[in-house]
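Colleague: Following this line is query_3.cif, made up of mmCIF, C-alpha atoms:
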data_query
#
loop_
_atom_site.label_atom_id
_atom_site.label_comp_id
_atom_site.auth_asym_id
_atom_site.auth_seq_id
_atom_site.Cartn_x
_atom_site.Cartn_y
_atom_site.Cartn_z
CA MET A 15 -15.04 -20.72 17.13
CA LEU A 16 -14.61 -22.72 13.93
CA PHE A 17 -16.03 -21.69 10.57
CA ASP A 18 -16.94 -23.87 7.58
CA ILE A 19 -15.35 -22.37 4.53
CA VAL A 20 -14.80 -23.23 0.89
CA LEU A 21 -11.55 -22.29 -0.79
CA THR A 22 -11.06 -22.54 -4.55
CA ILE A 23 -7.44 -23.53 -5.03
CA ASN A 24 -5.99 -24.37 -8.43
CA ASP A 25 -9.52 -24.77 -9.83
CA ARG A 26 -10.50 -27.26 -7.13
CA GLU A 27 -12.88 -26.61 -4.26
CA HIS A 28 -11.70 -27.47 -0.76
CA ARG A 29 -14.18 -27.57 2.13
CA LEU A 30 -12.65 -27.16 5.55
CA GLN A 31 -13.13 -25.80 9.02
CA VAL A 32 -10.87 -22.99 10.09
CA SER A 33 -10.51 -20.78 13.08
CA PRO A 34 -10.69 -17.13 12.03
CA ASP A 35 -7.04 -16.45 12.82
CA GLU A 36 -5.65 -19.16 10.54
CA ARG A 37 -3.42 -17.75 7.85
CA LEU A 38 -3.67 -18.90 4.27
CA VAL A 39 -0.04 -20.05 4.18
CA ASP A 40 -0.61 -22.47 7.08
CA VAL A 41 -3.82 -23.83 5.60
CA LEU A 42 -2.14 -24.42 2.24
CA HIS A 43 1.10 -25.88 3.55
CA ASP A 44 0.12 -27.73 6.72
CA ARG A 45 -3.50 -28.69 6.20
CA LEU A 46 -3.88 -29.18 2.46
CA GLY A 47 -0.37 -30.50 1.81
CA LEU A 48 0.36 -27.88 -0.83
CA THR A 49 3.93 -27.64 0.39
CA GLY A 50 5.14 -25.62 -2.58
CA THR A 51 4.01 -22.52 -0.72
CA LYS A 52 6.81 -21.75 1.74
CA LYS A 53 6.65 -19.85 4.99
CA GLY A 54 9.79 -17.76 5.22
CA CYS A 55 9.65 -14.72 7.47
CA GLY A 56 5.97 -14.96 8.39
CA SER A 57 5.69 -11.18 8.36
CA GLY A 58 5.21 -10.23 4.73
CA ASP A 59 8.79 -9.28 4.01
CA CYS A 60 10.36 -12.15 2.07
CA GLY A 61 7.71 -13.23 -0.46
CA ALA A 62 8.37 -16.98 -0.12
CA CYS A 63 4.68 -17.56 0.64
CA THR A 64 3.45 -15.65 -2.43
CA VAL A 65 0.34 -17.07 -4.08
CA LEU A 66 -2.09 -15.52 -6.57
CA LEU A 67 -5.42 -14.44 -5.14
CA ASP A 68 -7.86 -13.41 -7.85
CA GLY A 69 -4.86 -13.30 -10.21
CA SER A 70 -2.77 -10.90 -8.10
CA PRO A 71 0.23 -11.85 -5.99
CA ILE A 72 -0.26 -11.66 -2.24
CA VAL A 73 1.79 -12.81 0.74
CA SER A 74 -0.25 -15.66 2.19
CA CYS A 75 1.33 -15.22 5.65
CA LEU A 76 -0.55 -11.92 6.06
CA GLN A 77 -3.76 -13.28 4.59
CA LEU A 78 -6.50 -14.83 6.68
CA ALA A 79 -7.78 -18.01 5.05
CA ILE A 80 -11.35 -17.19 6.01
CA ALA A 81 -11.21 -13.97 3.97
CA CYS A 82 -10.32 -15.82 0.75
CA GLN A 83 -13.70 -17.36 0.11
CA GLY A 84 -15.10 -16.72 -3.35
CA LYS A 85 -11.75 -15.73 -4.81
CA PRO A 86 -9.65 -18.14 -6.87
CA ILE A 87 -6.26 -19.04 -5.37
CA THR A 88 -3.36 -20.23 -7.50
CA THR A 89 -0.37 -21.90 -5.87
CA ILE A 90 2.77 -23.18 -7.57
CA GLU A 91 1.11 -26.62 -7.79
CA GLY A 92 -1.53 -25.14 -10.08
CA LEU A 93 0.83 -23.76 -12.67
CA ALA A 94 1.93 -26.79 -14.67
CA VAL A 95 -0.15 -27.45 -17.76
CA ASP A 96 -0.35 -31.17 -16.89
CA ASP A 97 1.84 -33.88 -15.37
CA GLU A 98 4.08 -33.90 -18.43
CA HIS A 99 4.34 -30.19 -19.17
CA LEU A 100 5.55 -27.50 -16.84
CA HIS A 101 4.59 -23.85 -17.21
CA PRO A 102 7.05 -21.89 -19.41
CA LEU A 103 8.22 -20.01 -16.30
CA GLN A 104 9.02 -23.27 -14.52
CA GLU A 105 10.85 -24.54 -17.63
CA ALA A 106 12.83 -21.33 -17.86
CA PHE A 107 13.81 -21.34 -14.18
CA ILE A 108 15.21 -24.86 -14.59
CA ARG A 109 16.95 -24.09 -17.88
CA HIS A 110 18.61 -20.93 -16.57
CA GLY A 111 19.74 -22.37 -13.24
CA ALA A 112 17.50 -19.88 -11.48
CA VAL A 113 16.82 -22.37 -8.70
CA GLN A 114 19.37 -23.11 -6.00
CA CYS A 115 17.95 -23.93 -2.58
CA GLY A 116 14.49 -23.48 -4.09
CA PHE A 117 12.81 -21.85 -1.12
CA CYS A 118 12.06 -18.58 -2.92
CA THR A 119 11.28 -20.18 -6.27
CA PRO A 120 7.50 -20.74 -6.01
CA GLY A 121 6.96 -17.15 -4.91
CA MET A 122 9.31 -15.80 -7.57
CA ILE A 123 7.49 -17.75 -10.27
CA LEU A 124 4.03 -16.63 -9.13
CA SER A 125 5.08 -12.97 -8.96
CA ALA A 126 6.63 -13.37 -12.41
CA LYS A 127 3.44 -15.00 -13.71
CA LYS A 128 1.39 -11.94 -12.79
CA LEU A 129 4.00 -9.73 -14.51
CA LEU A 130 3.91 -11.75 -17.73
CA ASP A 131 0.10 -11.89 -17.62
CA ASP A 132 0.08 -8.07 -17.61
CA VAL A 133 3.19 -7.30 -19.65
CA PRO A 134 4.27 -10.07 -22.02
CA ASP A 135 7.52 -8.30 -22.91
CA PRO A 136 8.77 -6.67 -19.70
CA ASP A 137 11.95 -4.61 -19.57
CA ASP A 138 14.52 -5.02 -16.80
CA ALA A 139 12.99 -2.29 -14.65
CA ALA A 140 9.56 -3.94 -14.83
CA ILE A 141 11.02 -7.32 -13.86
CA ARG A 142 12.88 -5.76 -10.94
CA SER A 143 9.84 -4.01 -9.60
CA ALA A 144 7.59 -7.07 -10.08
CA LEU A 145 10.05 -9.19 -8.09
CA ALA A 146 10.87 -6.51 -5.49
CA GLY A 147 8.88 -8.39 -2.87
CA ASN A 148 10.63 -11.73 -3.38
CA LEU A 149 13.96 -12.24 -1.66
CA CYS A 150 16.53 -14.79 -2.83
CA ARG A 151 19.65 -15.45 -0.76
CA CYS A 152 21.32 -17.83 -3.21
CA THR A 153 21.30 -16.79 -6.82
CA GLY A 154 21.99 -13.08 -6.86
CA TYR A 155 18.86 -12.59 -9.01
CA ILE A 156 20.61 -12.42 -12.41
CA LYS A 157 19.58 -15.92 -13.43
CA ILE A 158 16.09 -15.32 -12.14
CA PHE A 159 15.75 -12.19 -14.30
CA ASP A 160 17.15 -14.13 -17.28
CA ALA A 161 14.61 -16.90 -16.69
CA VAL A 162 11.70 -14.45 -16.55
CA LYS A 163 12.83 -12.77 -19.78
CA SER A 164 13.20 -16.08 -21.53
CA ALA A 165 9.82 -17.32 -20.29
CA GLY A 166 8.26 -14.13 -21.65
CA GLN A 167 9.78 -14.91 -25.04
CA ALA A 168 8.58 -18.53 -24.88
CA ILE A 169 5.05 -17.41 -24.00
CA ARG A 170 5.05 -14.88 -26.82
CA GLY A 171 6.05 -17.69 -29.17
CA GLY A 172 9.67 -16.69 -29.71
CA SER A 173 12.66 -18.94 -29.24
CA MET B 622 -4.63 -17.71 22.70
CA ALA B 623 -7.58 -16.86 20.52
CA ALA B 624 -6.69 -13.45 19.16
CA ILE B 625 -9.80 -13.43 17.03
CA GLN B 626 -13.06 -14.51 18.62
CA ASN B 627 -15.32 -13.97 15.66
CA TYR B 628 -15.16 -12.97 12.02
CA LEU B 629 -17.90 -11.06 10.23
CA LYS B 630 -17.96 -9.96 6.62
CA PRO B 631 -20.69 -7.42 5.90
CA ASP B 632 -21.80 -6.73 2.31
CA THR B 633 -22.89 -3.15 2.84
CA LEU B 634 -21.76 -0.07 4.68
CA GLU B 635 -24.95 0.02 6.74
CA GLU B 636 -24.41 -3.55 7.84
CA ALA B 637 -20.79 -2.81 8.75
CA ALA B 638 -21.78 0.25 10.78
CA ALA B 639 -24.41 -1.78 12.64
CA LEU B 640 -21.93 -4.57 13.42
CA LEU B 641 -19.35 -2.07 14.68
CA ALA B 642 -21.97 -0.46 16.91
CA ASP B 643 -22.98 -3.82 18.36
CA CYS B 644 -19.57 -5.11 19.09
CA ASP B 645 -17.43 -4.10 22.05
CA ARG B 646 -14.09 -5.28 20.78
CA ALA B 647 -14.38 -4.88 17.05
CA ALA B 648 -11.34 -4.52 14.84
CA ILE B 649 -11.81 -3.49 11.25
CA ILE B 650 -9.84 -5.49 8.71
CA ALA B 651 -9.44 -4.56 5.06
CA GLY B 652 -6.11 -5.65 3.58
CA GLY B 653 -4.84 -6.94 6.92
CA THR B 654 -1.16 -6.32 6.20
CA ASP B 655 -0.72 -4.23 9.35
CA LEU B 656 -3.45 -5.82 11.47
CA LEU B 657 -2.11 -9.36 11.13
CA LEU B 658 1.30 -8.20 12.32
CA GLN B 659 -0.35 -6.50 15.30
CA LEU B 660 -2.29 -9.69 16.06
CA GLN B 661 0.92 -11.70 15.78
CA ALA B 662 2.64 -9.35 18.21
CA GLY B 663 -0.24 -9.67 20.67
CA LYS B 664 -1.12 -5.98 20.35
CA VAL B 665 -4.69 -6.82 19.41
CA SER B 666 -6.48 -9.65 21.16
CA ASP B 667 -9.85 -11.13 21.90
CA CYS B 668 -11.48 -9.16 19.10
CA THR B 669 -14.24 -9.59 16.57
CA LEU B 670 -12.95 -8.91 13.10
CA VAL B 671 -15.23 -6.94 10.81
CA ASP B 672 -13.93 -7.48 7.29
CA ILE B 673 -14.86 -4.52 5.09
CA GLY B 674 -13.09 -6.00 2.06
CA GLY B 675 -16.35 -7.23 0.56
CA ILE B 676 -18.15 -3.88 0.50
CA ALA B 677 -18.17 -2.84 -3.16
CA GLU B 678 -18.88 0.86 -2.57
CA LEU B 679 -15.79 1.14 -0.36
CA ALA B 680 -13.48 0.04 -3.16
CA LYS B 681 -14.27 2.63 -5.79
CA ILE B 682 -12.33 5.54 -7.21
CA LEU B 683 -14.72 8.21 -8.48
CA LEU B 684 -13.89 11.44 -10.27
CA THR B 685 -16.68 14.01 -10.29
CA GLU B 686 -16.79 17.70 -11.16
CA LYS B 687 -16.46 18.47 -7.51
CA GLU B 688 -13.72 16.12 -6.33
CA LEU B 689 -11.84 12.88 -6.48
CA SER B 690 -13.15 10.27 -4.07
CA ILE B 691 -11.19 7.13 -3.19
CA GLY B 692 -13.03 4.47 -1.21
CA ALA B 693 -11.24 3.47 1.99
CA ALA B 694 -10.94 -0.19 0.98
CA THR B 695 -9.39 0.61 -2.41
CA LYS B 696 -6.21 -1.42 -2.80
CA LEU B 697 -2.97 0.50 -3.21
CA SER B 698 -2.41 -1.45 -6.45
CA GLU B 699 -5.66 0.06 -7.79
CA VAL B 700 -4.52 3.55 -6.80
CA GLU B 701 -1.17 2.87 -8.47
CA ARG B 702 -2.84 1.82 -11.73
CA SER B 703 -5.82 4.17 -11.86
CA ASN B 704 -5.99 6.27 -15.01
CA LEU B 705 -8.30 8.74 -13.24
CA LEU B 706 -5.34 10.11 -11.32
CA THR B 707 -3.83 12.63 -13.69
CA GLY B 708 -2.25 16.07 -13.33
CA SER B 709 -1.54 17.00 -9.73
CA PHE B 710 -3.34 13.82 -8.56
CA GLU B 711 -0.68 11.71 -10.23
CA MET B 712 1.67 11.88 -7.23
CA LEU B 713 -0.84 9.66 -5.39
CA LYS B 714 0.03 6.91 -7.87
CA THR B 715 3.72 7.49 -7.25
CA ALA B 716 3.27 7.37 -3.48
CA ALA B 717 1.23 4.15 -3.70
CA SER B 718 3.77 2.53 -6.02
CA TRP B 719 6.56 3.06 -3.46
CA ILE B 720 4.81 1.21 -0.66
CA GLY B 721 5.99 -2.28 0.29
CA SER B 722 6.03 -4.78 -2.56
CA PRO B 723 3.59 -5.73 -5.33
CA GLN B 724 2.17 -8.35 -2.95
CA ILE B 725 1.61 -5.84 -0.16
CA ARG B 726 0.07 -3.33 -2.57
CA SER B 727 -2.44 -5.84 -3.88
CA MET B 728 -3.59 -6.43 -0.28
CA ALA B 729 -3.17 -3.13 1.56
CA THR B 730 -5.70 -0.32 1.21
CA ILE B 731 -5.51 3.47 1.22
CA GLY B 732 -7.79 3.58 4.26
CA GLY B 733 -5.56 1.18 6.16
CA ASN B 734 -2.51 3.26 5.34
CA LEU B 735 -4.21 6.26 6.96
CA CYS B 736 -5.99 4.52 9.86
CA ASN B 737 -2.81 2.88 11.09
CA ALA B 738 -1.59 6.43 11.55
CA SER B 739 2.06 5.66 11.08
CA PRO B 740 3.99 8.96 11.11
CA SER B 741 5.65 7.74 7.89
CA ALA B 742 2.46 6.65 6.05
CA ASP B 743 3.29 7.15 2.39
CA MET B 744 -0.16 8.28 1.30
CA SER B 745 -0.34 10.96 3.97
CA ALA B 746 2.07 13.64 2.69
CA PRO B 747 0.61 13.90 -0.83
CA LEU B 748 -2.95 13.76 0.51
CA LEU B 749 -2.14 16.57 2.95
CA ALA B 750 -0.66 18.69 0.15
CA LEU B 751 -3.84 18.05 -1.85
CA ASP B 752 -5.94 19.20 1.13
CA ALA B 753 -7.76 15.87 1.34
CA ARG B 754 -10.69 15.29 3.66
CA VAL B 755 -11.72 12.00 5.14
CA GLU B 756 -15.27 10.74 5.48
CA LEU B 757 -15.98 9.01 8.79
CA ARG B 758 -19.08 7.04 9.44
CA SER B 759 -20.73 5.20 12.28
CA ASN B 760 -24.16 3.82 12.95
CA ARG B 761 -25.25 7.18 14.32
CA SER B 762 -23.26 9.78 12.47
CA GLN B 763 -21.41 10.79 9.38
CA ARG B 764 -18.76 13.50 9.35
CA THR B 765 -16.15 14.75 6.94
CA ILE B 766 -13.02 16.27 8.40
CA SER B 767 -9.75 17.55 7.08
CA LEU B 768 -7.07 14.86 6.94
CA VAL B 769 -4.78 17.15 8.90
CA ASP B 770 -7.16 16.81 11.87
CA PHE B 771 -7.48 13.03 11.51
CA PHE B 772 -4.11 12.06 13.01
CA LEU B 773 -3.54 12.40 16.76
CA GLY B 774 -0.25 10.57 17.20
CA PRO B 775 1.53 7.36 16.24
CA SER B 776 -1.23 4.74 15.75
CA LYS B 777 -3.81 7.24 17.03
CA THR B 778 -6.60 8.87 15.07
CA VAL B 779 -9.80 10.71 15.90
CA LEU B 780 -11.86 7.62 14.96
CA ALA B 781 -14.35 6.99 17.76
CA PRO B 782 -15.36 3.44 18.78
CA GLY B 783 -17.75 2.13 16.16
CA GLU B 784 -16.61 4.66 13.59
CA MET B 785 -14.86 3.81 10.32
CA LEU B 786 -13.12 5.66 7.56
CA THR B 787 -15.19 5.27 4.41
CA ALA B 788 -13.57 7.51 1.81
CA VAL B 789 -10.82 9.99 1.11
CA ARG B 790 -12.20 13.03 -0.70
CA ILE B 791 -9.84 15.33 -2.53
CA PRO B 792 -10.87 18.62 -4.11
CA HIS B 793 -9.63 19.32 -7.62
CA PRO B 794 -6.30 21.11 -7.39
CA PRO B 795 -6.27 24.64 -8.81
CA ALA B 796 -5.85 24.83 -12.59
CA HIS B 797 -2.26 24.75 -13.84
CA SER B 798 -0.91 23.43 -10.57
CA ALA B 799 2.10 21.15 -10.28
CA SER B 800 2.86 18.60 -7.59
CA THR B 801 5.43 16.09 -6.45
CA TYR B 802 6.07 13.51 -3.74
CA ARG B 803 9.59 12.65 -2.64
CA LYS B 804 10.43 9.79 -0.33
CA HIS B 805 13.82 9.25 1.20
CA SER B 806 14.53 5.63 2.14
CA PRO B 807 17.64 3.47 1.82
CA ARG B 808 15.88 0.87 -0.31
CA ARG B 809 13.46 1.38 -3.15
CA ALA B 810 11.11 -1.43 -2.10
CA MET B 811 9.92 -2.82 1.21
CA ASP B 812 11.04 0.21 3.15
CA LEU B 813 9.49 2.99 5.16
CA ALA B 814 10.25 6.65 4.56
CA ILE B 815 12.95 8.34 6.60
CA VAL B 816 11.38 11.53 5.35
CA GLY B 817 8.47 12.10 2.96
CA VAL B 818 7.81 15.49 1.36
CA SER B 819 5.01 16.50 -0.94
CA VAL B 820 4.46 19.88 -2.58
CA LEU B 821 1.51 21.30 -4.50
CA MET B 822 2.06 24.69 -6.13
CA TRP B 823 -0.03 27.01 -8.27
CA ARG B 824 -0.36 30.70 -9.12
CA THR B 825 -3.15 33.10 -8.29
CA ASP B 826 -2.72 36.44 -10.09
CA HIS B 827 0.99 35.72 -10.63
CA GLN B 828 1.47 35.01 -6.95
CA LEU B 829 2.69 31.60 -5.88
CA GLN B 830 0.49 29.49 -3.63
CA VAL B 831 1.98 26.42 -1.98
CA ARG B 832 0.92 23.50 0.19
CA ILE B 833 3.50 21.21 1.76
CA GLY B 834 2.80 17.82 3.35
CA LEU B 835 5.50 16.12 5.41
CA SER B 836 5.75 12.63 6.87
CA ALA B 837 8.08 10.73 9.22
CA ILE B 838 9.29 13.93 10.87
CA ALA B 839 6.81 14.35 13.74
CA PRO B 840 4.40 12.16 15.76
CA THR B 841 1.92 12.60 12.90
CA PRO B 842 2.16 13.61 9.26
CA ILE B 843 1.87 17.41 9.11
CA ARG B 844 1.30 20.40 6.89
CA ALA B 845 4.27 22.80 6.94
CA ARG B 846 2.07 25.87 7.42
CA GLN B 847 4.88 28.20 8.37
CA ALA B 848 6.85 27.37 5.24
CA GLU B 849 3.66 27.67 3.17
CA ASP B 850 3.03 31.16 4.56
CA TYR B 851 6.63 32.13 3.95
CA LEU B 852 6.36 31.09 0.29
CA SER B 853 2.84 32.08 -0.60
CA GLY B 854 2.39 35.40 -2.37
CA ARG B 855 5.89 35.50 -3.80
CA SER B 856 6.27 35.97 -7.51
CA SER B 857 9.31 33.73 -7.89
CA LEU B 858 11.58 31.29 -6.07
CA ASP B 859 15.34 31.58 -5.91
CA GLU B 860 18.02 29.83 -3.90
CA GLN B 861 17.66 32.22 -0.98
CA VAL B 862 13.90 31.73 -0.79
CA LEU B 863 14.35 27.96 -0.90
CA GLU B 864 16.76 28.21 2.03
CA GLY B 865 14.21 30.30 3.89
CA ALA B 866 11.51 27.71 3.27
CA ALA B 867 13.78 24.93 4.50
CA ALA B 868 14.54 26.96 7.63
CA SER B 869 10.80 27.33 8.27
CA VAL B 870 10.30 23.57 7.85
CA LEU B 871 13.02 22.91 10.41
CA GLU B 872 11.13 25.01 12.94
CA GLU B 873 7.95 23.02 12.36
CA ILE B 874 9.16 19.43 12.49
CA ARG B 875 9.87 17.30 15.55
CA PRO B 876 11.70 14.23 14.29
CA ILE B 877 12.83 11.38 16.50
CA SER B 878 15.89 9.16 16.36
CA ASP B 879 15.08 5.53 15.68
CA ILE B 880 16.48 2.48 13.95
CA ARG B 881 16.06 4.12 10.52
CA ALA B 882 17.68 7.48 11.13
CA SER B 883 18.76 10.00 13.74
CA ALA B 884 16.72 13.11 14.36
CA ARG B 885 19.55 15.24 12.99
CA TYR B 886 19.71 13.24 9.78
CA ARG B 887 15.94 13.51 9.40
CA GLU B 888 16.20 17.28 9.80
CA ALA B 889 18.91 17.50 7.16
CA MET B 890 16.90 15.33 4.76
CA ALA B 891 13.63 17.17 5.41
CA ALA B 892 15.35 20.45 4.55
CA LEU B 893 17.00 19.00 1.45
CA LEU B 894 13.91 17.21 0.13
CA THR B 895 11.76 20.29 0.71
CA LYS B 896 14.15 22.43 -1.34
CA GLN B 897 14.35 19.78 -4.08
CA ALA B 898 10.60 19.31 -4.21
CA LEU B 899 9.92 23.05 -4.31
CA ALA B 900 12.50 23.61 -7.04
CA GLU B 901 11.14 20.73 -9.12
CA VAL B 902 7.55 21.85 -8.87
CA TYR B 903 8.42 25.51 -9.46
CA ALA B 904 10.32 24.57 -12.64
CA ARG B 905 7.36 22.54 -13.89
CA LEU B 906 4.96 25.38 -13.11
CA GLY B 907 6.84 27.51 -15.68
#
What does the file become when written as structure tokens?
Modeller:
Amino acid sequence: MLFDIVLTINDREHRLQVSPDERLVDVLHDRLGLTGTKKGCGSGDCGACTVLLDGSPIVSCLQLAIACQGKPITTIEGLAVDDEHLHPLQEAFIRHGAVQCGFCTPGMILSAKKLLDDVPDPDDAAIRSALAGNLCRCTGYIKIFDAVKSAGQAIRGGS
Amino acid sequence: MAAIQNYLKPDTLEEAAALLADCDRAAIIAGGTDLLLQLQAGKVSDCTLVDIGGIAELAKILLTEKELSIGAATKLSEVERSNLLTGSFEMLKTAASWIGSPQIRSMATIGGNLCNASPSADMSAPLLALDARVELRSNRSQRTISLVDFFLGPSKTVLAPGEMLTAVRIPHPPAHSASTYRKHSPRRAMDLAIVGVSVLMWRTDHQLQVRIGLSAIAPTPIRARQAEDYLSGRSSLDEQVLEGAAASVLEEIRPISDIRASARYREAMAALLTKQALAEVYARLG
């Protein structure tokens, strides 16, 4: 059975038909072409498919698309201010070399966005626990933590 | 393979109960973090999903004079952040904060953690120590039972077909009580407990009263009644008494060996964590 649903993704409404067992990650990546959302483990362990649902990070591989109606979804594509200006977190990840293969980066940035939305000046422990559900096999995390700290400063208006 | 035949999202509890009564192969979904894995593994198939995530009254934490009530569909992230959970309730926040990752906690619910009936369910040990009851509801009936009677075995509960868990109801702990939850796992995030121990302690007429909840050491989470009896009524705790309590716990648990730990290691850790938890709570009791 197919269902007509409306998903609000990055402030845009998408009308589509889904079967009830379609996961959000597959709808985003394969059907809507929002390929920034990566499918890593497919079982909720790695965090590569993290998106924000109603402002909170979720793993979109364990989320049915049909259950997301009426709640805003933010993917990595929705973060940049405009075509010219990236989000401070994106800027900081580039500046600090926090991106290597890039597969974990969208999820890392979205988890970090929620952290900075809640706590503009997080300490190391808060950054670690906010990113505990995002695995990176390249960088060793140090540059990622540096990038999050520096983005926090940029958002707060520091240098 | 169509694992899910139909998807229904009721707005009210009554509607949900009616749908569950009507449907032969209904599966309740709230956060979905366990259910989707079961669907993926082919353990659940050909079902109608009833999504209770849109029922507002199921997602509330209420503190009344009588008790604390946590709606079954309350997200673990809400439990973790709630400022209603103070004093001896606070260990519920700790337990919630140690589950999975931030992503999992903003999806998974307290009811799901209990209904999946994992022997290692993190919310179970502290809720058992707090003497929680669970409210079960179907189209025809409503009953409230002790959480200790809710679990039957791994992935098995007393929930009848058509019945759902609607709330966890926790009486106020005795005045001047102290509590703790300790979880032993190799990693701090994204890991299940090898052993979970929770203790609630208070004094009645200078006599100690204790409740102990344990997880991951038997087919279901349990209360360590024998150790509780051994401890209750004493005026103080010393090293020898702690050893005695640990010995009682070892008689009550039935751990298995699995990929996470051997039964012997679980026994050693259950004894150690029980002693640590008792000593910590006793010190805080003053």
Colleague: Using all atoms listed in the file, I'd like a table of the residues in segment 27-127 of chain A that come within 10 Å of segment 654-661 of chain B; for each, show the closest atom pair and its distance in Å rounded to one decimal, ordered by chain and ascending number, as CSV.
Modeller:
residue,atom,partner,partner_atom,distance
A:Asp35,CA,B:Leu657,CA,8.8
A:Arg37,CA,B:Leu657,CA,9.1
A:Gly56,CA,B:Leu658,CA,9.1
A:Ser57,CA,B:Leu658,CA,6.6
A:Gly58,CA,B:Thr654,CA,7.6
A:Val73,CA,B:Thr654,CA,9.0
A:Cys75,CA,B:Leu657,CA,8.7
A:Leu76,CA,B:Thr654,CA,5.6
A:Gln77,CA,B:Thr654,CA,7.6
A:Leu78,CA,B:Leu657,CA,8.3
Colleague: I need the output of the PyMOL selection byres ((chain B and resi 777-781) around 10) for this file as a PyMOL selection string; which residues are they?
Modeller: chain B and resi 735-740+757-759+766+770-776+782-786+840-841
Colleague: Output the contact residues of chain A with respect to chain B at a cut-off of 12 Å, based on all atoms listed in the file, as a PyMOL selection string.
Modeller: chain A and resi 15-18+32-38+55-85+121-122+124-126+128-129+132+140-149
Colleague: Take the residues from that selection and write them out as an mmCIF file, in the frame of the given file, keeping C-alpha atoms.
Modeller:
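Contents of out_9.cif, freshly written:
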data_model
loop_
_atom_site.group_PDB
_atom_site.id
_atom_site.type_symbol
_atom_site.label_atom_id
_atom_site.label_comp_id
_atom_site.auth_asym_id
_atom_site.auth_seq_id
_atom_site.Cartn_x
_atom_site.Cartn_y
_atom_site.Cartn_z
ATOM 1 C CA MET A 15 -15.040 -20.720 17.130
ATOM 2 C CA LEU A 16 -14.610 -22.720 13.930
ATOM 3 C CA PHE A 17 -16.030 -21.690 10.570
ATOM 4 C CA ASP A 18 -16.940 -23.870 7.580
ATOM 5 C CA VAL A 32 -10.870 -22.990 10.090
ATOM 6 C CA SER A 33 -10.510 -20.780 13.080
ATOM 7 C CA PRO A 34 -10.690 -17.130 12.030
ATOM 8 C CA ASP A 35 -7.040 -16.450 12.820
ATOM 9 C CA GLU A 36 -5.650 -19.160 10.540
ATOM 10 C CA ARG A 37 -3.420 -17.750 7.850
ATOM 11 C CA LEU A 38 -3.670 -18.900 4.270
ATOM 12 C CA CYS A 55 9.650 -14.720 7.470
ATOM 13 C CA GLY A 56 5.970 -14.960 8.390
ATOM 14 C CA SER A 57 5.690 -11.180 8.360
ATOM 15 C CA GLY A 58 5.210 -10.230 4.730
ATOM 16 C CA ASP A 59 8.790 -9.280 4.010
ATOM 17 C CA CYS A 60 10.360 -12.150 2.070
ATOM 18 C CA GLY A 61 7.710 -13.230 -0.460
ATOM 19 C CA ALA A 62 8.370 -16.980 -0.120
ATOM 20 C CA CYS A 63 4.680 -17.560 0.640
ATOM 21 C CA THR A 64 3.450 -15.650 -2.430
ATOM 22 C CA VAL A 65 0.340 -17.070 -4.080
ATOM 23 C CA LEU A 66 -2.090 -15.520 -6.570
ATOM 24 C CA LEU A 67 -5.420 -14.440 -5.140
ATOM 25 C CA ASP A 68 -7.860 -13.410 -7.850
ATOM 26 C CA GLY A 69 -4.860 -13.300 -10.210
ATOM 27 C CA SER A 70 -2.770 -10.900 -8.100
ATOM 28 C CA PRO A 71 0.230 -11.850 -5.990
ATOM 29 C CA ILE A 72 -0.260 -11.660 -2.240
ATOM 30 C CA VAL A 73 1.790 -12.810 0.740
ATOM 31 C CA SER A 74 -0.250 -15.660 2.190
ATOM 32 C CA CYS A 75 1.330 -15.220 5.650
ATOM 33 C CA LEU A 76 -0.550 -11.920 6.060
ATOM 34 C CA GLN A 77 -3.760 -13.280 4.590
ATOM 35 C CA LEU A 78 -6.500 -14.830 6.680
ATOM 36 C CA ALA A 79 -7.780 -18.010 5.050
ATOM 37 C CA ILE A 80 -11.350 -17.190 6.010
ATOM 38 C CA ALA A 81 -11.210 -13.970 3.970
ATOM 39 C CA CYS A 82 -10.320 -15.820 0.750
ATOM 40 C CA GLN A 83 -13.700 -17.360 0.110
ATOM 41 C CA GLY A 84 -15.100 -16.720 -3.350
ATOM 42 C CA LYS A 85 -11.750 -15.730 -4.810
ATOM 43 C CA GLY A 121 6.960 -17.150 -4.910
ATOM 44 C CA MET A 122 9.310 -15.800 -7.570
ATOM 45 C CA LEU A 124 4.030 -16.630 -9.130
ATOM 46 C CA SER A 125 5.080 -12.970 -8.960
ATOM 47 C CA ALA A 126 6.630 -13.370 -12.410
ATOM 48 C CA LYS A 128 1.390 -11.940 -12.790
ATOM 49 C CA LEU A 129 4.000 -9.730 -14.510
ATOM 50 C CA ASP A 132 0.080 -8.070 -17.610
ATOM 51 C CA ALA A 140 9.560 -3.940 -14.830
ATOM 52 C CA ILE A 141 11.020 -7.320 -13.860
ATOM 53 C CA ARG A 142 12.880 -5.760 -10.940
ATOM 54 C CA SER A 143 9.840 -4.010 -9.600
ATOM 55 C CA ALA A 144 7.590 -7.070 -10.080
ATOM 56 C CA LEU A 145 10.050 -9.190 -8.090
ATOM 57 C CA ALA A 146 10.870 -6.510 -5.490
ATOM 58 C CA GLY A 147 8.880 -8.390 -2.870
ATOM 59 C CA ASN A 148 10.630 -11.730 -3.380
ATOM 60 C CA LEU A 149 13.960 -12.240 -1.660
#
Colleague: If you measure from atom CA of Lys896 of chain B to atom CA of Ile880 of chain B, what distance in Å do you get, rounded to one decimal?
Modeller: 25.2 Å
Colleague: If we count only C-alpha atoms, what is near Lys714 of chain B at a cut-off of 10 Å, once residues fewer than 3 positions away on the same chain are taken out, given as a list in words?
Modeller: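 Skipping anything fewer than 3 positions along the chain leaves Leu697, Ser698, Glu699, Val700, Glu701, Arg702, Ser703, Asn704, Leu706, Thr707, Phe710, Glu711, Ala717, Ser718, Trp719, Met744, Pro747 and Tyr802 of chain B.
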